[in-house]
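In what follows, a single structure is set out as structure tokens and then discussed.
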Amino acid sequence: MDFDIVKAVGLTKLYGPTRALAGVDITLRAGTITSIEGPNGSGKSTLVNILSLIMRPSRGDVRYGELTAKDNAEEIRKRLGLLSHSAMLYPDLTGRENLTLFGSLYALDNIEKRIEDAIARFETKSFLDRPVRTYSRGQTQRIALSRALLHTPRLLLLDEPTTGLDEASQARFVSAVREEKARGAIIVLVTHDDALATSLADVRVRLERGRLAESVIEAKSA
């Protein structure tokens, strides 16, 4: 069951006396890129971890269309694409082996075709068959992006996705994200890069000390 909207209500996350999120409400829609911005420690990555089901909120709830994390976690995870601070790749496997393994875990059809498409999208052919542990930071990021997009996710969560990417790779990333938006994905972009957020985001949200700032900018609706 696909979903066209993700709605978080009252998300609060406590780490002992520290409050990482404090009653965050946010709605994410299909075919829309929402940037989550704010200083370090504002709760951005915590919010992404909750949306990706890696972490449970202390209070509050997230609905993925009609699906809930409590009752439909497996179905939701099948529809998530996540790029986090961890590449989520096995360092002793090659990039191709990592993508093949990921595709098999998701029981994807046409895995080889999907990998070839990812090679063309992020230009990874020259290093794809080397162990990931031999990669540069930018090369690792390009394979991690390929992994996150391989299964055509409904909800795509990107936490500082341009880390380590050179100018050409950033351009390929921007093109890929726009293609994902065009097919109707729900996209969350966490970034400190104001220029990137300005160029991509339809909605810009700022977190400060675990709360939504007063300004929520509808970047391209005017």
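Residues are referred to by chain and number: the chain letter is A, B, ... according to the order shown in the structure tokens, the number counts from 1 in that chain, and ligands are numbered separately from 1 in the order shown.
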
task: Write down as a PyMOL selection string the residues belonging to stretch 38-177 of chain A that are assigned strand (DSSP E or B) by DSSP computed on the backbone.
output: chain A and resi 59-64+67-68+80-83+94+131+155-159

message: Applying 12 Å and only C-alpha atoms, which residues near A:Tyr15 remain after dropping the ones on its own chain fewer than 3 positions away? List them as a PyMOL selection string.
response: chain A and resi 12+18-22+43+46+55-58

Next, the residues of the selection above should be written as a PDB file, in the first residue's frame with C-alpha atoms.
ATOM      1  CA  THR A  12       9.030  14.504  21.275  1.00  0.00           C
ATOM      2  CA  THR A  18      17.861  16.337  27.288  1.00  0.00           C
ATOM      3  CA  ARG A  19      14.994  17.068  24.939  1.00  0.00           C
ATOM      4  CA  ALA A  20      16.072  16.533  21.308  1.00  0.00           C
ATOM      5  CA  LEU A  21      12.587  17.148  19.900  1.00  0.00           C
ATOM      6  CA  ALA A  22       9.811  19.031  21.619  1.00  0.00           C
ATOM      7  CA  GLY A  43      17.048  17.848  16.272  1.00  0.00           C
ATOM      8  CA  THR A  46      16.643  12.808  15.391  1.00  0.00           C
ATOM      9  CA  MET A  55      14.171   5.434  16.528  1.00  0.00           C
ATOM     10  CA  ARG A  56      10.904   5.637  18.432  1.00  0.00           C
ATOM     11  CA  PRO A  57       9.630   8.953  19.719  1.00  0.00           C
ATOM     12  CA  SER A  58       9.157   9.413  23.443  1.00  0.00           C
TER      13      SER A  58
END

task: Considering only C-alpha atoms, state which residue in the set A:Arg59, A:Arg172, A:Arg183, A:Arg204 is at the smallest distance from A:Ala118.
output: A:Arg172

- prompt: Between A:Thr198, A:Gly65, A:Phe102, A:Val24, which one has atoms that come closest to A:Leu149, using only C-alpha atoms?
  reply: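 Answer, going by the shortest atom-to-atom distance: A:Phe102.
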
message: Using only C-alpha atoms for the distances, tell me which of A:Gln141, A:Ser45, A:Ser126, A:Thr94 is nearest to A:Gly164.
response: A:Gln141

task: Output as a ChimeraX atom specification all residues of stretch 64-188 of chain A that backbone DSSP marks as alpha helix (DSSP H).
output: /A:69-78,95-105,111-122,137-149,167-182

query: Do you have the atom CA of A:Lys113-atom CA of A:Leu165 distance handy?
result: 24.7 Å

Surrounding residues of stretch 25-31 of chain A excluding itself and chain neighbours under 3 positions, 10 Å, only C-alpha atoms, as a PyMOL selection string: chain A and resi 3-12+22+34+60-65+154-155+178-188+202-203+205+211-212

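Proximity to A:Phe127 was assessed for A:Ser169, A:Arg114, A:Arg96, A:Ser146 counting only C-alpha atoms; the smallest distance is recorded for A:Arg96.
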
Contacts of A:Glu74 at 12 Å (only C-alpha atoms; same-chain gap of 4+ positions) as a list in words: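 Everything that qualifies: Met1, Ser52, Leu53, Leu67, Thr68, Ala69, Lys70, Lys78, Arg79, Leu80 and Tyr106 of chain A.
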
message: Between atom CA of A:Pro91 and atom CA of A:Arg142, what distance in Å does the model show, to one decimal?
response: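 Atom CA of A:Pro91 sits 14.2 Å away from atom CA of A:Arg142.
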
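When atom CA of A:Ile111 is paired with atom CA of A:Ile33, their separation reads 26.9 Å.
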
- prompt: Counting only C-alpha atoms, what is within 6 Å of A:Gly81, bar same-chain residues fewer than 6 positions away, as a PyMOL selection string?
  reply: chain A and resi 148+153+156

- prompt: Counting only C-alpha atoms, what is within 12 Å of A:Asp117, bar same-chain residues fewer than 6 positions away, as a list in words?
  reply: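 The residues satisfying every condition are Leu99, Asn110, Ile111, Glu123, Thr124, Lys125, Ser146, Arg147, Leu149, Leu150, His151, Thr152 and Ala176 of chain A.
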
Selection to disk with N, CA and C atoms, as a short mmCIF file (atom, residue, chain, number, x, y, z; two decimals), in the first residue's frame:
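Contents of the output file selection_18.cif:
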data_model
loop_
_atom_site.label_atom_id
_atom_site.label_comp_id
_atom_site.auth_asym_id
_atom_site.auth_seq_id
_atom_site.Cartn_x
_atom_site.Cartn_y
_atom_site.Cartn_z
N LEU A 99 25.12 -3.46 -3.56
CA LEU A 99 23.85 -3.16 -4.21
C LEU A 99 23.07 -4.43 -4.53
N ASN A 110 14.67 -7.49 -11.55
CA ASN A 110 15.61 -6.80 -12.44
C ASN A 110 16.71 -6.07 -11.68
N ILE A 111 17.33 -6.76 -10.72
CA ILE A 111 18.36 -6.11 -9.91
C ILE A 111 19.52 -5.62 -10.78
N GLU A 123 27.56 7.69 -12.07
CA GLU A 123 28.87 7.47 -12.69
C GLU A 123 29.83 6.75 -11.74
N THR A 124 29.48 5.53 -11.41
CA THR A 124 30.26 4.74 -10.44
C THR A 124 31.00 3.57 -11.06
N LYS A 125 30.95 3.44 -12.39
CA LYS A 125 31.51 2.26 -13.05
C LYS A 125 32.99 2.05 -12.74
N SER A 146 23.11 5.42 -4.41
CA SER A 146 22.59 4.35 -5.28
C SER A 146 21.77 3.35 -4.47
N ARG A 147 22.30 2.97 -3.31
CA ARG A 147 21.58 2.04 -2.43
C ARG A 147 20.24 2.61 -1.99
N LEU A 149 18.30 4.66 -3.39
CA LEU A 149 17.33 4.85 -4.48
C LEU A 149 17.03 3.58 -5.25
N LEU A 150 17.75 2.51 -4.98
CA LEU A 150 17.68 1.30 -5.80
C LEU A 150 16.27 0.73 -5.90
N HIS A 151 15.52 0.79 -4.82
CA HIS A 151 14.20 0.16 -4.77
C HIS A 151 13.06 1.13 -5.03
N THR A 152 13.38 2.31 -5.60
CA THR A 152 12.38 3.33 -5.95
C THR A 152 11.49 3.64 -4.74
N ALA A 176 19.21 13.76 -9.89
CA ALA A 176 18.52 12.57 -9.41
C ALA A 176 17.37 12.92 -8.48
#
